Amino acid sequence: MVLERQGTPLQPAELPDPEPGSGQLLISVSACGVCRTDLHIVDGDLTEPKLPLVLGHQIVGTVAGMGEGAERYAVGDRVGVPWLGWTCGECRYCTSGRENLCDRARFTGYDIDGGYAELAVADERFCFPVPRDYPDEQAAPLLCAGLIGYRALRLVGDAERIGFYGFGASAHILCQVAVHQGRRVFVFTREGDADGQQFARSLGAEWAGSSEVAPPEELDGAIVFAPVGPLMTAGLRASAKGARIISAGIHMSDIPAFPYEILWGERALGSVANLTRRDGEEFLDLAPRVPVHTEVEVHPLEAADDALDSIRSGALRGAAVLRIRTASGSVSGTGPRRGGDAAPRHRARPRR
Ligand SMILES: [Zn+2]
Ligand SMILES: [Zn+2]
């Protein structure tokens with residue numbers, strides 16, 4: 001599936017097979033998670049994607065080939081590809097352990113074609129081995145929803161009573177991690193979202209209610225997952241002294257003006273940006289030990305727009321994932337792959 005222009009639906013396409021460059025892997029994609037960031041790219045909230053673009057930065061697949069010098073993986077290995085696709089290694093951020101902020105970073109499914117396709121290429125240094133215990137579709141949401149959420153959780157510090165504003169793909173994973181760490185989780189959803197609140201309680205949240213109401217106790221910190229600026233000030237108002245309120249999204253509506261007294265007392269507002277490879281290694285080591293269970297709604301590749309809509313509408317329970325190849329290597333929902341072309345081609349959308 002290809003995004004030709006922002007603000008338009010994804011288009012089916014047959015693309016030339018990508019060639020792995022130096023240090024890159026050619027990956028046969030099994031599953032690709034669908035992220036709210038993808039929606040921000042389609043909708044034009046993020047303004048500088050490569051176009052046309054193959055979206056998708058939560059790729060799980062197997063190594064099908066390697067470019068010159070690639071040596072970390074073997075053909076057939078299962079790998080995950082996250083949002084962070086390349087960093088310069090030289091800038092002040094890269095050289096101080098903050099490659100997530102690299103001035104020249106390139107991102108999968110934004111600057112580099114991603115995983116809404118049968119084949120992808122990725123720099124092997126930014127790929128991760130996928131934890132064994134997870135089938136492909138359950139593993140995909142760990143790669144962004146999980147690990148960028150994990151970075152946000154770290155930025156909140158050791159808050160015991162933690163608030164989650166919004167309960168989508170990332171929050172449903174982080175709720176399990178936070179409970180595992182002995183924290184008390186308070187979840188805020190849209191008014192009247194009884195299903196979402198029940199889902200949160202089933203994953204260990206101590207309390208779940210509407211973002212319009214105050215929690216039963218003060219919070220020691222909060223993560224705002226929903227792209228809604230007023231939730232940042234709602235978090236401040238609900239929080240105790242010293243609380244950090246962290247936005248986990250890449251885009252958010254404006255944060256309204258607020259009186260200084262709700263920030264006073266060493267409260268802080270902040271954001272999380274991207275990931276470092278260290279975040280990925282730590283989180284993918286931790287997830288099977290919690291163990292994190294990911295609830296996924298699986299869509300065939302050709303229904304990628306439906307998957308994006310389910311995030312847009314808020315009706316989704318857990319994470320949306322595209323199924324691209326079955327374990328046997330055939331393309332989901334279609335017959336065998338076409339052969340006999342003069343040049344090898346792969347579909348960014350299976351033919352109907
Ligand atoms: Zn850099
Ligand atoms: Zn993402």
# chains A, B, ... in the order shown; residues from 1 in each chain; ligands from 1
call {"tool": "residues_near_ligand", "arguments": {"ligand": "ligand 1", "cutoff": "7 Å", "atoms": "only C-alpha atoms and all ligand atoms", "output": "ChimeraX atom specification"}}
result
/A:87-94,99,102-105
call {"tool": "closest_atom_pairs", "arguments": {"of": "chain A", "to": "ligand 2", "cutoff": "6 Å", "atoms": "only C-alpha atoms and all ligand atoms", "output": "JSON lines"}}
result
{"residue": "A:Cys35", "atom": "CA", "partner": "ligand 2", "partner_atom_place_in_ligand_line": "1 (Zn)", "distance": 4.5}
{"residue": "A:Thr37", "atom": "CA", "partner": "ligand 2", "partner_atom_place_in_ligand_line": "1 (Zn)", "distance": 5.2}
{"residue": "A:Cys144", "atom": "CA", "partner": "ligand 2", "partner_atom_place_in_ligand_line": "1 (Zn)", "distance": 4.5}
{"residue": "A:Ala145", "atom": "CA", "partner": "ligand 2", "partner_atom_place_in_ligand_line": "1 (Zn)", "distance": 5.9}
call {"tool": "write_last_selection", "arguments": {"atoms": "N, CA and C atoms", "output": "tab-separated table (two decimals), in the first residue's frame"}}
result
chain	number	residue	atom	x	y	z
A	35	CYS	N	0.18	2.32	13.52
A	35	CYS	CA	0.42	3.24	14.63
A	35	CYS	C	-0.32	4.54	14.39
A	37	THR	N	0.91	7.32	14.60
A	37	THR	CA	1.81	8.16	13.80
A	37	THR	C	1.52	8.00	12.31
A	144	CYS	N	6.71	-0.28	18.46
A	144	CYS	CA	6.56	1.17	18.64
A	144	CYS	C	5.66	1.44	19.83
A	145	ALA	N	4.44	0.92	19.78
A	145	ALA	CA	3.52	1.12	20.90
A	145	ALA	C	4.21	0.71	22.20
call {"tool": "residues_around", "arguments": {"residues": "segment 267-269 of chain A", "least_positions_apart": "4", "cutoff": "8 Å", "atoms": "only C-alpha atoms", "output": "list in words"}}
result
Met232, Leu236, Ala240, Lys241, Gly242, Ala243, Arg244, Ile245, Ile246, Ser247, Ile262 and Leu263 of chain A
call {"tool": "closest_residue", "arguments": {"among": "A:Met1, A:Ala257, A:Ile173, A:Leu55", "to": "Ala287 of chain A", "atoms": "only C-alpha atoms"}}
result
A:Ile173
call {"tool": "residues_around", "arguments": {"residues": "Gln138 of chain A", "least_positions_apart": "2", "cutoff": "8 Å", "atoms": "only C-alpha atoms", "output": "list of chain:residue names"}}
result
A:Tyr134, A:Pro135, A:Asp136, A:Ala140, A:Pro141, A:Leu142, A:His293, A:Thr294, A:Glu295, A:Val296
call {"tool": "write_last_selection", "arguments": {"atoms": "C-alpha atoms", "output": "mmCIF file, in the first residue's frame"}}
result
data_model
loop_
_atom_site.group_PDB
_atom_site.id
_atom_site.type_symbol
_atom_site.label_atom_id
_atom_site.label_comp_id
_atom_site.auth_asym_id
_atom_site.auth_seq_id
_atom_site.Cartn_x
_atom_site.Cartn_y
_atom_site.Cartn_z
ATOM 1 C CA TYR A 134 5.517 -13.870 20.512
ATOM 2 C CA PRO A 135 3.866 -14.830 17.236
ATOM 3 C CA ASP A 136 4.552 -12.264 14.487
ATOM 4 C CA ALA A 140 4.547 -6.160 15.961
ATOM 5 C CA PRO A 141 2.971 -3.695 18.439
ATOM 6 C CA LEU A 142 5.911 -4.110 20.801
ATOM 7 C CA HIS A 293 0.201 -9.788 26.278
ATOM 8 C CA THR A 294 -0.720 -7.746 23.225
ATOM 9 C CA GLU A 295 -4.329 -7.694 22.132
ATOM 10 C CA VAL A 296 -4.358 -7.274 18.354
#
call {"tool": "select_by_dssp", "arguments": {"residues": "segment 189-255 of chain A", "states": "strand (DSSP E)", "output": "compact mmCIF listing (two decimals) with all heavy atoms, in the first residue's frame"}}
result
# COMPACT_ATOMS: atom_id res chain seq x y z
N THR A 189 -10.29 7.66 29.91
CA THR A 189 -10.73 7.45 28.53
C THR A 189 -11.73 8.54 28.15
O THR A 189 -12.09 9.38 28.97
CB THR A 189 -11.45 6.09 28.37
OG1 THR A 189 -12.71 6.17 29.05
CG2 THR A 189 -10.62 4.94 28.95
N TRP A 207 -8.08 1.93 38.68
CA TRP A 207 -9.24 2.78 38.47
C TRP A 207 -9.28 3.17 37.00
O TRP A 207 -8.23 3.35 36.38
CB TRP A 207 -9.10 4.03 39.34
CG TRP A 207 -10.20 5.06 39.18
CD1 TRP A 207 -11.36 5.12 39.88
CD2 TRP A 207 -10.22 6.17 38.25
NE1 TRP A 207 -12.11 6.20 39.45
CE2 TRP A 207 -11.43 6.86 38.45
CE3 TRP A 207 -9.33 6.62 37.26
CZ2 TRP A 207 -11.77 7.99 37.71
CZ3 TRP A 207 -9.68 7.75 36.53
CH2 TRP A 207 -10.89 8.43 36.76
N ALA A 208 -10.47 3.26 36.45
CA ALA A 208 -10.62 3.76 35.07
C ALA A 208 -11.88 4.58 35.00
O ALA A 208 -12.93 4.17 35.52
CB ALA A 208 -10.68 2.60 34.08
N GLY A 209 -11.77 5.74 34.39
CA GLY A 209 -12.94 6.62 34.30
C GLY A 209 -12.75 7.63 33.18
O GLY A 209 -11.82 7.54 32.38
N SER A 210 -13.66 8.58 33.14
CA SER A 210 -13.63 9.60 32.10
C SER A 210 -12.55 10.63 32.38
O SER A 210 -12.27 10.97 33.53
CB SER A 210 -15.00 10.28 32.05
OG SER A 210 -14.89 11.53 31.43
N LEU A 219 -2.26 12.00 41.37
CA LEU A 219 -1.30 11.19 40.61
C LEU A 219 0.12 11.68 40.89
O LEU A 219 0.35 12.86 41.14
CB LEU A 219 -1.57 11.34 39.10
CG LEU A 219 -2.99 11.03 38.64
CD1 LEU A 219 -3.15 11.37 37.14
CD2 LEU A 219 -3.33 9.56 38.89
N ASP A 220 1.07 10.75 40.83
CA ASP A 220 2.48 11.12 40.99
C ASP A 220 3.14 11.38 39.63
O ASP A 220 4.30 11.78 39.57
CB ASP A 220 3.23 10.01 41.72
CG ASP A 220 2.62 9.73 43.08
OD1 ASP A 220 2.43 10.69 43.85
OD2 ASP A 220 2.32 8.55 43.38
N GLY A 221 2.40 11.09 38.56
CA GLY A 221 2.90 11.32 37.21
C GLY A 221 1.88 10.81 36.22
O GLY A 221 0.95 10.09 36.61
N ALA A 222 2.02 11.19 34.96
CA ALA A 222 1.05 10.73 33.97
C ALA A 222 1.68 10.69 32.59
O ALA A 222 2.63 11.43 32.30
CB ALA A 222 -0.17 11.66 33.94
N ILE A 223 1.16 9.80 31.76
CA ILE A 223 1.51 9.77 30.34
C ILE A 223 0.25 10.10 29.56
O ILE A 223 -0.81 9.50 29.81
CB ILE A 223 2.03 8.38 29.91
CG1 ILE A 223 3.23 7.96 30.75
CG2 ILE A 223 2.41 8.41 28.42
CD1 ILE A 223 3.73 6.55 30.44
N VAL A 224 0.37 11.05 28.65
CA VAL A 224 -0.76 11.41 27.79
C VAL A 224 -0.53 10.74 26.43
O VAL A 224 0.36 11.11 25.68
CB VAL A 224 -0.89 12.93 27.67
CG1 VAL A 224 -2.02 13.29 26.71
CG2 VAL A 224 -1.13 13.54 29.05
N SER A 239 -2.51 16.07 39.49
CA SER A 239 -1.25 15.53 40.00
C SER A 239 -0.74 16.19 41.27
O SER A 239 -0.98 17.36 41.54
CB SER A 239 -0.18 15.66 38.92
OG SER A 239 -0.46 14.76 37.87
N ALA A 240 0.03 15.38 41.99
CA ALA A 240 0.69 15.83 43.21
C ALA A 240 1.96 16.61 42.85
O ALA A 240 2.42 16.59 41.70
CB ALA A 240 1.05 14.62 44.07
N LYS A 241 2.55 17.27 43.84
CA LYS A 241 3.81 17.98 43.65
C LYS A 241 4.87 17.04 43.09
O LYS A 241 4.90 15.87 43.44
CB LYS A 241 4.29 18.57 44.98
CG LYS A 241 3.45 19.72 45.46
CD LYS A 241 3.89 20.23 46.82
CE LYS A 241 3.40 19.31 47.92
NZ LYS A 241 3.57 19.91 49.28
N GLY A 242 5.70 17.56 42.23
CA GLY A 242 6.81 16.76 41.68
C GLY A 242 6.43 15.88 40.51
O GLY A 242 7.29 15.21 39.95
N ALA A 243 5.15 15.89 40.13
CA ALA A 243 4.70 14.99 39.05
C ALA A 243 5.22 15.45 37.69
O ALA A 243 5.29 16.65 37.41
CB ALA A 243 3.18 14.92 39.02
N ARG A 244 5.56 14.49 36.85
CA ARG A 244 5.90 14.79 35.45
C ARG A 244 4.77 14.26 34.58
O ARG A 244 4.37 13.11 34.71
CB ARG A 244 7.18 14.11 35.04
CG ARG A 244 8.39 14.67 35.73
CD ARG A 244 9.63 14.06 35.14
NE ARG A 244 10.62 13.92 36.19
CZ ARG A 244 11.68 13.11 36.12
NH1 ARG A 244 11.85 12.35 35.06
NH2 ARG A 244 12.53 13.05 37.11
N ILE A 245 4.33 15.12 33.66
CA ILE A 245 3.25 14.77 32.73
C ILE A 245 3.91 14.68 31.35
O ILE A 245 4.39 15.69 30.82
CB ILE A 245 2.14 15.85 32.71
CG1 ILE A 245 1.75 16.28 34.13
CG2 ILE A 245 0.95 15.37 31.91
CD1 ILE A 245 1.23 15.19 35.01
N ILE A 246 3.95 13.50 30.79
CA ILE A 246 4.71 13.26 29.56
C ILE A 246 3.76 12.93 28.41
O ILE A 246 2.94 12.03 28.49
CB ILE A 246 5.67 12.06 29.75
CG1 ILE A 246 6.65 12.31 30.90
CG2 ILE A 246 6.42 11.76 28.45
CD1 ILE A 246 7.61 13.46 30.69
N SER A 247 3.91 13.68 27.32
CA SER A 247 3.17 13.35 26.10
C SER A 247 3.94 12.28 25.33
O SER A 247 5.13 12.43 25.05
CB SER A 247 3.03 14.59 25.21
OG SER A 247 2.60 14.18 23.92
call {"tool": "closest_atom_pairs", "arguments": {"of": "segment 158-210 of chain A", "to": "segment 303-323 of chain A", "cutoff": "7 Å", "atoms": "only C-alpha atoms", "output": "JSON lines"}}
result
{"residue": "A:Gly168", "atom": "CA", "partner": "A:Gly318", "partner_atom": "CA", "distance": 5.7}
{"residue": "A:Ala169", "atom": "CA", "partner": "A:Ala319", "partner_atom": "CA", "distance": 4.4}
{"residue": "A:His172", "atom": "CA", "partner": "A:Gly318", "partner_atom": "CA", "distance": 6.1}
call {"tool": "closest_residue", "arguments": {"among": "A:Leu101, A:Val179, A:Ile162, A:Cys127", "to": "Gly235 of chain A", "atoms": "only C-alpha atoms"}}
result
A:Ile162
call {"tool": "select_by_dssp", "arguments": {"residues": "segment 29-193 of chain A", "states": "alpha helix (DSSP H)", "output": "ChimeraX atom specification"}}
result
/A:36-43,136-139,145-156,169-180
call {"tool": "residues_around", "arguments": {"residues": "segment 58-60 of chain A", "least_positions_apart": "3", "cutoff": "9 Å", "atoms": "only C-alpha atoms", "output": "ChimeraX atom specification"}}
result
/A:27-35,78-83,108,114-116,120,130,136-137,139-145,321
call {"tool": "atom_distance", "arguments": {"atom1": "atom CA of Gly85 of chain A", "atom2": "atom CA of Glu297 of chain A"}}
result
25.5 Å
call {"tool": "atom_distance", "arguments": {"atom1": "atom CA of Leu231 of chain A", "atom2": "atom CA of Ile255 of chain A"}}
result
8.0 Å
call {"tool": "closest_residue", "arguments": {"among": "A:Ala234, A:Met252, A:Leu26, A:Val185", "to": "Ala200 of chain A", "atoms": "only C-alpha atoms"}}
result
A:Val185
call {"tool": "closest_residue", "arguments": {"among": "A:Phe188, A:Arg201, A:Ser96, A:Met66", "to": "Ala226 of chain A", "atoms": "only C-alpha atoms"}}
result
A:Phe188
call {"tool": "residues_around", "arguments": {"residues": "segment 151-155 of chain A", "least_positions_apart": "4", "cutoff": "9 Å", "atoms": "only C-alpha atoms", "output": "PyMOL selection string"}}
result
chain A and resi 146-147+174+178+222-223+244-248+270-276+279+283
call {"tool": "residues_around", "arguments": {"residues": "Glu206 of chain A", "least_positions_apart": "6", "cutoff": "12 Å", "atoms": "only C-alpha atoms", "output": "list in words"}}
result
Glu160, Arg161, Ile162, Gly163, Phe164, Cys175, Gln176, Ala178, Val179, Gly182, Arg183, Arg184, Val185, Phe186, Val187, Phe188, Gln197, Gln198, Phe199, Ala200, Pro215, Pro216 and Glu217 of chain A
call {"tool": "atom_distance", "arguments": {"atom1": "atom CA of Phe128 of chain A", "atom2": "atom CA of Phe225 of chain A"}}
result
24.3 Å
call {"tool": "decode", "arguments": {"residues": "segment 195-269 of chain A", "atoms": "C-alpha atoms", "output": "PDB file, in the first residue's frame"}}
result
ATOM      1  CA  ASP A 195     -15.629  -0.911  27.159  1.00  0.00           C
ATOM      2  CA  GLY A 196     -12.266   0.846  27.188  1.00  0.00           C
ATOM      3  CA  GLN A 197     -12.486   1.366  30.951  1.00  0.00           C
ATOM      4  CA  GLN A 198     -13.350  -2.287  31.507  1.00  0.00           C
ATOM      5  CA  PHE A 199     -10.460  -3.308  29.230  1.00  0.00           C
ATOM      6  CA  ALA A 200      -8.084  -1.164  31.323  1.00  0.00           C
ATOM      7  CA  ARG A 201      -9.270  -2.730  34.575  1.00  0.00           C
ATOM      8  CA  SER A 202      -8.870  -6.201  33.069  1.00  0.00           C
ATOM      9  CA  LEU A 203      -5.182  -5.381  32.462  1.00  0.00           C
ATOM     10  CA  GLY A 204      -4.579  -4.329  36.041  1.00  0.00           C
ATOM     11  CA  ALA A 205      -5.617  -0.673  36.215  1.00  0.00           C
ATOM     12  CA  GLU A 206      -6.801   0.167  39.720  1.00  0.00           C
ATOM     13  CA  TRP A 207      -9.241   2.782  38.472  1.00  0.00           C
ATOM     14  CA  ALA A 208     -10.619   3.757  35.075  1.00  0.00           C
ATOM     15  CA  GLY A 209     -12.935   6.617  34.302  1.00  0.00           C
ATOM     16  CA  SER A 210     -13.634   9.595  32.098  1.00  0.00           C
ATOM     17  CA  SER A 211     -10.939  12.203  31.485  1.00  0.00           C
ATOM     18  CA  GLU A 212     -13.577  14.738  32.524  1.00  0.00           C
ATOM     19  CA  VAL A 213     -13.494  13.575  36.142  1.00  0.00           C
ATOM     20  CA  ALA A 214     -10.849  13.743  38.853  1.00  0.00           C
ATOM     21  CA  PRO A 215      -9.194  10.468  39.882  1.00  0.00           C
ATOM     22  CA  PRO A 216      -9.882   9.178  43.409  1.00  0.00           C
ATOM     23  CA  GLU A 217      -6.335  10.108  44.445  1.00  0.00           C
ATOM     24  CA  GLU A 218      -3.665  12.522  43.268  1.00  0.00           C
ATOM     25  CA  LEU A 219      -1.296  11.191  40.606  1.00  0.00           C
ATOM     26  CA  ASP A 220       2.478  11.123  40.985  1.00  0.00           C
ATOM     27  CA  GLY A 221       2.904  11.322  37.207  1.00  0.00           C
ATOM     28  CA  ALA A 222       1.048  10.733  33.972  1.00  0.00           C
ATOM     29  CA  ILE A 223       1.507   9.769  30.339  1.00  0.00           C
ATOM     30  CA  VAL A 224      -0.755  11.407  27.791  1.00  0.00           C
ATOM     31  CA  PHE A 225      -1.200   8.973  24.899  1.00  0.00           C
ATOM     32  CA  ALA A 226      -4.127  10.726  23.188  1.00  0.00           C
ATOM     33  CA  PRO A 227      -3.129  13.595  20.841  1.00  0.00           C
ATOM     34  CA  VAL A 228      -5.247  16.062  22.796  1.00  0.00           C
ATOM     35  CA  GLY A 229      -3.471  19.091  24.273  1.00  0.00           C
ATOM     36  CA  PRO A 230      -6.031  19.846  27.038  1.00  0.00           C
ATOM     37  CA  LEU A 231      -5.206  16.438  28.557  1.00  0.00           C
ATOM     38  CA  MET A 232      -1.754  17.813  29.469  1.00  0.00           C
ATOM     39  CA  THR A 233      -3.327  20.407  31.737  1.00  0.00           C
ATOM     40  CA  ALA A 234      -5.877  17.863  32.984  1.00  0.00           C
ATOM     41  CA  GLY A 235      -2.890  15.763  34.024  1.00  0.00           C
ATOM     42  CA  LEU A 236      -1.332  18.698  35.853  1.00  0.00           C
ATOM     43  CA  ARG A 237      -4.545  19.424  37.698  1.00  0.00           C
ATOM     44  CA  ALA A 238      -4.829  15.783  38.787  1.00  0.00           C
ATOM     45  CA  SER A 239      -1.249  15.530  40.000  1.00  0.00           C
ATOM     46  CA  ALA A 240       0.693  15.831  43.206  1.00  0.00           C
ATOM     47  CA  LYS A 241       3.808  17.984  43.648  1.00  0.00           C
ATOM     48  CA  GLY A 242       6.809  16.757  41.681  1.00  0.00           C
ATOM     49  CA  ALA A 243       4.703  14.986  39.048  1.00  0.00           C
ATOM     50  CA  ARG A 244       5.896  14.793  35.454  1.00  0.00           C
ATOM     51  CA  ILE A 245       3.255  14.766  32.729  1.00  0.00           C
ATOM     52  CA  ILE A 246       4.706  13.256  29.562  1.00  0.00           C
ATOM     53  CA  SER A 247       3.169  13.348  26.096  1.00  0.00           C
ATOM     54  CA  ALA A 248       3.906  10.081  24.293  1.00  0.00           C
ATOM     55  CA  GLY A 249       2.698  11.144  20.854  1.00  0.00           C
ATOM     56  CA  ILE A 250       4.494  12.742  17.923  1.00  0.00           C
ATOM     57  CA  HIS A 251       1.728  15.265  17.352  1.00  0.00           C
ATOM     58  CA  MET A 252      -0.811  16.942  19.642  1.00  0.00           C
ATOM     59  CA  SER A 253      -3.418  19.662  19.458  1.00  0.00           C
ATOM     60  CA  ASP A 254      -2.507  22.920  21.219  1.00  0.00           C
ATOM     61  CA  ILE A 255      -2.120  22.884  24.972  1.00  0.00           C
ATOM     62  CA  PRO A 256      -4.373  25.554  26.452  1.00  0.00           C
ATOM     63  CA  ALA A 257      -3.013  28.353  28.640  1.00  0.00           C
ATOM     64  CA  PHE A 258      -3.108  27.535  32.320  1.00  0.00           C
ATOM     65  CA  PRO A 259      -2.437  29.259  35.647  1.00  0.00           C
ATOM     66  CA  TYR A 260       1.094  28.886  36.984  1.00  0.00           C
ATOM     67  CA  GLU A 261      -0.198  27.508  40.269  1.00  0.00           C
ATOM     68  CA  ILE A 262      -1.015  24.138  38.674  1.00  0.00           C
ATOM     69  CA  LEU A 263       2.615  23.834  37.489  1.00  0.00           C
ATOM     70  CA  TRP A 264       4.107  25.138  40.731  1.00  0.00           C
ATOM     71  CA  GLY A 265       5.464  22.549  43.152  1.00  0.00           C
ATOM     72  CA  GLU A 266       8.063  21.166  40.729  1.00  0.00           C
ATOM     73  CA  ARG A 267       5.486  19.693  38.415  1.00  0.00           C
ATOM     74  CA  ALA A 268       6.706  19.434  34.828  1.00  0.00           C
ATOM     75  CA  LEU A 269       5.339  18.937  31.345  1.00  0.00           C
TER      76      LEU A 269
END
